[in-house]
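A.B. asks: Mind having a look at this structure? Questions to follow.
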Amino acid sequence: MKTCTIRRDVDRWYACFPVETPATAVETKHPKNPVGVDVGLKSLITLSNGEKIEPPKYLRKMQKRLRREQRRLSRKRKESNNRDKQRIKVARVHRKVRLQRTDFNHKLSHTLVNRFDLIAFERLSIRNMIQNHHLAKSIADASWYQLQTFTSYKAEYAGKSVRFAESRDTTTECSRCGFPVPKNLSERMHLCPNCELMKDRDWNSAVNILNRVGWGTPESTPAKIEPLPLPQKGGGKFGR
Ligand SMILES: [Zn+2]
């Protein structure tokens with residue numbers, strides 16, 4: 001341990017110190033079980049084997065509460081004691097949302113690394129993330145970025161790989177024949193006029209992401225789709 005940083009988060013204090021640990025595993029050269037991951041609208045996650053993962057309901061619930069407390073804050077009189085109190089309340093709810101999202105990302109990255117030996121993501125455009133002024137979108141992007149970071153370091157520890165695919169046209173391209181099939185936001189299905197592939201829109205993207213990192217089999221279709229077992233809220237500890 002070489003440095004220690006003391007940090008305050010609203011009314012909590014943290015001591016943060018980095019430690020060095022030896023590398024534990026060697027990366028697998030020939031992944032047997034690769035997966036592509038797509039995050040669609042409303043931060044729903046789709047895997048290249050067709051599984052869908054929905055973020056826990058409590059996340060949306062807390063976001064609602066955050067908006068409510070923020071509205072209350074805007075109604076308080078400037079420089080009043082009540083305004084100060086409400087400001088702290090908002091900050092606490094903010095922290096709660098942030099910690100819950102981090103917790104979810106730790107659990108999801110853990111599950112991904114446990115189940116698959118190569119995980120392919122879409123490369124995020126940092127420039128787009130910074131320039132985007134739509135709040136909900138920028139929060140989703142930040143969370144998505146966190147999931148990628150967590151998965152990367154957990155994979156490294158487990159001797160597994162994370163690859164990043166170019167994100168251009170992952171939604172339009174046909175994952176079987178490569179034919180461009182433009183869709184608007186409301187179209188949930190990919191219907192290829194060239195090879196007649198019919199697939200859920202996000203599933204098609206997830207397969208494209210895996211194909212682009214060089215480990216996909218374009219026509220891979222699972223025999224059956226099982227729901228992804230996610231650890232429940234509050235269960236288990238995940239190291240940083
Ligand atoms: Zn096609």
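Going through the structure tokens in order, the chains are called A, B, and so on, while each chain numbers its residues from 1 and the ligands are numbered from 1 in the order shown.
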Residues contacting ligand 1 - anything with an atom at most 9 Å away, using only C-alpha atoms and all ligand atoms - can you give me those as a list of chain:residue names?
C.D. replies: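 Taking only C-alpha atoms and all ligand atoms into account, the residues around ligand 1 at most 9 Å away are A:Glu173, A:Cys174, A:Ser175, A:Arg176, A:Cys177, A:Gly178, A:Phe179, A:Pro180, A:Val181, A:Leu191, A:Cys192, A:Pro193, A:Asn194, A:Cys195, A:Glu196, A:Leu197, A:Met198.
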A.B. asks: Could you go through segment 4-198 of chain A and tell me which residues DSSP, when run on the backbone, assigns to strand (DSSP E or B), listing them as JSON, numbers by chain?
C.D. replies: {"A": [5, 6, 7, 8, 9, 12, 13, 14, 15, 16, 34, 35, 36, 37, 38, 39, 45, 46, 47, 52, 53, 118, 119, 120, 121, 122, 161, 162, 163, 164, 165, 173, 180, 189, 190, 191, 198]}
A.B. asks: Which residues are close to segment 116-125 of chain A, i.e. within 10 Å by only C-alpha atoms, leaving aside same-chain residues fewer than 3 positions away? Reply as a VMD selection string.
C.D. replies: chain A and resid 27 to 39 47 to 48 109 111 to 113 128 to 130 141 to 142 144 to 145 147 to 148 151 to 152 155 158 to 168 170 205 to 216
A.B. asks: Env of His110 of chain A: 10 Å cut, atoms = only C-alpha atoms, seq-sep filter 3 positions within chain, self excluded. Answer as a ChimeraX atom specification.
C.D. replies: /A:104-107,113-115,147,150-151,154-155,230-231,238
A.B. asks: Work out how far apart atom CA of Arg83 of chain A and atom CA of Arg60 of chain A are and give it in Å to one decimal.
C.D. replies: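 Those two atoms sit 25.4 Å apart.
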A.B. asks: Please, what distance in Å, to one decimal, runs between atom CA of Thr24 of chain A and atom CA of Lys2 of chain A?
C.D. replies: 21.6 Å
A.B. asks: Got a sec: who's within 6 Å of His190 of chain A, counting only C-alpha atoms, leaving out chain neighbours fewer than 5 positions off, as a PyMOL selection string?
C.D. replies: chain A and resi 198-201
A.B. asks: Those same residues, written as an mmCIF file, in the first residue's frame with C-alpha atoms?
C.D. replies:
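Result saved to again36.cif:
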data_model
loop_
_atom_site.group_PDB
_atom_site.id
_atom_site.type_symbol
_atom_site.label_atom_id
_atom_site.label_comp_id
_atom_site.auth_asym_id
_atom_site.auth_seq_id
_atom_site.Cartn_x
_atom_site.Cartn_y
_atom_site.Cartn_z
ATOM 1 C CA MET A 198 -35.923 -13.254 -38.810
ATOM 2 C CA LYS A 199 -34.501 -12.261 -35.442
ATOM 3 C CA ASP A 200 -35.213 -9.951 -32.558
ATOM 4 C CA ARG A 201 -33.570 -6.613 -33.341
#
A.B. asks: Can you list, as a VMD selection string, every protein, DNA or RNA residue that comes within 12 Å of Thr5 of chain A when you count only C-alpha atoms, leaving out same-chain residues fewer than 4 positions away?
C.D. replies: chain A and resid 1 13 to 18
A.B. asks: Would you output that residue set with N, CA and C atoms, as a compact mmCIF listing (two decimals), in the first residue's frame?
C.D. replies:
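Okay, this is what ended up in result33.txt:
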# COMPACT_ATOMS: atom_id res chain seq x y z
N MET A 1 0.85 -1.19 0.00
CA MET A 1 0.00 0.00 0.00
C MET A 1 0.88 1.24 0.00
N TRP A 13 -17.66 8.92 5.03
CA TRP A 13 -16.24 9.10 4.74
C TRP A 13 -15.65 7.78 4.26
N TYR A 14 -14.73 7.89 3.30
CA TYR A 14 -14.08 6.69 2.76
C TYR A 14 -12.57 6.85 2.77
N ALA A 15 -11.88 5.77 3.08
CA ALA A 15 -10.42 5.73 2.92
C ALA A 15 -10.15 4.79 1.74
N CYS A 16 -9.53 5.31 0.68
CA CYS A 16 -9.29 4.49 -0.51
C CYS A 16 -7.80 4.25 -0.67
N PHE A 17 -7.42 2.98 -0.77
CA PHE A 17 -6.00 2.68 -1.00
C PHE A 17 -5.84 1.56 -2.02
N PRO A 18 -4.96 1.77 -2.99
CA PRO A 18 -4.71 0.72 -3.99
C PRO A 18 -3.72 -0.31 -3.46
A.B. asks: By how many Å are atom CA of Glu79 of chain A and atom CA of Leu66 of chain A apart?
C.D. replies: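 Between atom CA of Glu79 of chain A and atom CA of Leu66 of chain A the gap is 21.2 Å.
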A.B. asks: Which parts of segment 78-225 of chain A does DSSP call helix (DSSP H, G or I) when run on the backbone here, written out as a PDB file with C-alpha atoms, in the first residue's frame?
C.D. replies:
ATOM      1  CA  ASN A  81     -32.750  26.152   5.888  1.00  0.00           C
ATOM      2  CA  ASN A  82     -35.331  23.893   4.280  1.00  0.00           C
ATOM      3  CA  ARG A  83     -33.587  24.198   0.971  1.00  0.00           C
ATOM      4  CA  ASP A  84     -30.292  23.128   2.558  1.00  0.00           C
ATOM      5  CA  LYS A  85     -31.948  20.120   4.158  1.00  0.00           C
ATOM      6  CA  GLN A  86     -33.589  19.116   0.896  1.00  0.00           C
ATOM      7  CA  ARG A  87     -30.298  19.517  -0.963  1.00  0.00           C
ATOM      8  CA  ILE A  88     -28.684  16.927   1.322  1.00  0.00           C
ATOM      9  CA  LYS A  89     -31.669  14.635   0.879  1.00  0.00           C
ATOM     10  CA  VAL A  90     -31.305  14.798  -2.910  1.00  0.00           C
ATOM     11  CA  ALA A  91     -27.592  14.073  -2.635  1.00  0.00           C
ATOM     12  CA  ARG A  92     -28.311  10.981  -0.510  1.00  0.00           C
ATOM     13  CA  VAL A  93     -30.842   9.614  -3.012  1.00  0.00           C
ATOM     14  CA  HIS A  94     -28.336  10.318  -5.788  1.00  0.00           C
ATOM     15  CA  ARG A  95     -25.746   8.285  -3.935  1.00  0.00           C
ATOM     16  CA  LYS A  96     -28.206   5.436  -3.402  1.00  0.00           C
ATOM     17  CA  VAL A  97     -29.004   5.232  -7.125  1.00  0.00           C
ATOM     18  CA  ARG A  98     -25.318   5.312  -7.967  1.00  0.00           C
ATOM     19  CA  LEU A  99     -24.436   2.563  -5.488  1.00  0.00           C
ATOM     20  CA  GLN A 100     -27.328   0.351  -6.624  1.00  0.00           C
ATOM     21  CA  ARG A 101     -26.293   0.672 -10.237  1.00  0.00           C
ATOM     22  CA  THR A 102     -22.682  -0.123  -9.338  1.00  0.00           C
ATOM     23  CA  ASP A 103     -23.877  -3.162  -7.388  1.00  0.00           C
ATOM     24  CA  PHE A 104     -25.903  -4.392 -10.359  1.00  0.00           C
ATOM     25  CA  ASN A 105     -22.928  -3.924 -12.690  1.00  0.00           C
ATOM     26  CA  HIS A 106     -20.673  -5.874 -10.317  1.00  0.00           C
ATOM     27  CA  LYS A 107     -23.131  -8.753 -10.234  1.00  0.00           C
ATOM     28  CA  LEU A 108     -23.758  -8.749 -13.969  1.00  0.00           C
ATOM     29  CA  SER A 109     -20.044  -8.562 -14.874  1.00  0.00           C
ATOM     30  CA  HIS A 110     -19.383 -11.381 -12.397  1.00  0.00           C
ATOM     31  CA  THR A 111     -22.074 -13.540 -14.038  1.00  0.00           C
ATOM     32  CA  LEU A 112     -20.748 -12.808 -17.546  1.00  0.00           C
ATOM     33  CA  VAL A 113     -17.161 -13.695 -16.620  1.00  0.00           C
ATOM     34  CA  ASN A 114     -18.325 -16.843 -14.811  1.00  0.00           C
ATOM     35  CA  ARG A 115     -20.368 -18.115 -17.719  1.00  0.00           C
ATOM     36  CA  ILE A 126     -16.428   8.787 -25.573  1.00  0.00           C
ATOM     37  CA  ARG A 127     -16.990  11.844 -27.749  1.00  0.00           C
ATOM     38  CA  ASN A 128     -20.671  10.994 -28.135  1.00  0.00           C
ATOM     39  CA  MET A 129     -20.922  10.377 -24.415  1.00  0.00           C
ATOM     40  CA  ILE A 130     -19.545  13.833 -23.596  1.00  0.00           C
ATOM     41  CA  GLN A 131     -21.530  15.671 -26.247  1.00  0.00           C
ATOM     42  CA  LEU A 135     -29.601  13.197 -19.195  1.00  0.00           C
ATOM     43  CA  ALA A 136     -31.170   9.720 -19.218  1.00  0.00           C
ATOM     44  CA  LYS A 137     -28.980   8.728 -22.158  1.00  0.00           C
ATOM     45  CA  SER A 138     -25.784   9.986 -20.556  1.00  0.00           C
ATOM     46  CA  ILE A 139     -26.553   8.130 -17.296  1.00  0.00           C
ATOM     47  CA  ALA A 140     -27.191   4.935 -19.282  1.00  0.00           C
ATOM     48  CA  ASP A 141     -23.892   5.405 -21.151  1.00  0.00           C
ATOM     49  CA  ALA A 142     -21.958   5.937 -17.929  1.00  0.00           C
ATOM     50  CA  SER A 143     -23.475   2.775 -16.475  1.00  0.00           C
ATOM     51  CA  TRP A 144     -22.683   0.842 -19.650  1.00  0.00           C
ATOM     52  CA  TYR A 145     -19.103   2.071 -19.476  1.00  0.00           C
ATOM     53  CA  GLN A 146     -18.883   0.914 -15.871  1.00  0.00           C
ATOM     54  CA  LEU A 147     -20.154  -2.559 -16.843  1.00  0.00           C
ATOM     55  CA  GLN A 148     -17.430  -2.810 -19.498  1.00  0.00           C
ATOM     56  CA  THR A 149     -14.737  -1.716 -17.030  1.00  0.00           C
ATOM     57  CA  PHE A 150     -15.856  -4.177 -14.338  1.00  0.00           C
ATOM     58  CA  THR A 151     -16.102  -7.030 -16.847  1.00  0.00           C
ATOM     59  CA  SER A 152     -12.626  -6.244 -18.219  1.00  0.00           C
ATOM     60  CA  TYR A 153     -10.796  -6.453 -14.924  1.00  0.00           C
ATOM     61  CA  LYS A 154     -12.756  -9.467 -13.677  1.00  0.00           C
ATOM     62  CA  ALA A 155     -12.033 -11.252 -16.974  1.00  0.00           C
ATOM     63  CA  GLU A 156      -8.339 -10.482 -16.624  1.00  0.00           C
ATOM     64  CA  TYR A 157      -8.306 -12.093 -13.187  1.00  0.00           C
ATOM     65  CA  ALA A 158     -10.122 -15.167 -14.459  1.00  0.00           C
ATOM     66  CA  ARG A 201     -33.570  -6.613 -33.341  1.00  0.00           C
ATOM     67  CA  ASP A 202     -31.236  -6.519 -30.312  1.00  0.00           C
ATOM     68  CA  TRP A 203     -30.390 -10.197 -30.654  1.00  0.00           C
ATOM     69  CA  ASN A 204     -29.270  -9.508 -34.237  1.00  0.00           C
ATOM     70  CA  SER A 205     -27.026  -6.672 -32.941  1.00  0.00           C
ATOM     71  CA  ALA A 206     -25.521  -8.881 -30.221  1.00  0.00           C
ATOM     72  CA  VAL A 207     -24.608 -11.525 -32.829  1.00  0.00           C
ATOM     73  CA  ASN A 208     -23.070  -8.807 -35.045  1.00  0.00           C
ATOM     74  CA  ILE A 209     -20.953  -7.613 -32.113  1.00  0.00           C
ATOM     75  CA  LEU A 210     -19.634 -11.138 -31.559  1.00  0.00           C
ATOM     76  CA  ASN A 211     -19.041 -11.647 -35.298  1.00  0.00           C
ATOM     77  CA  ARG A 212     -17.013  -8.464 -35.504  1.00  0.00           C
TER      78      ARG A 212
END
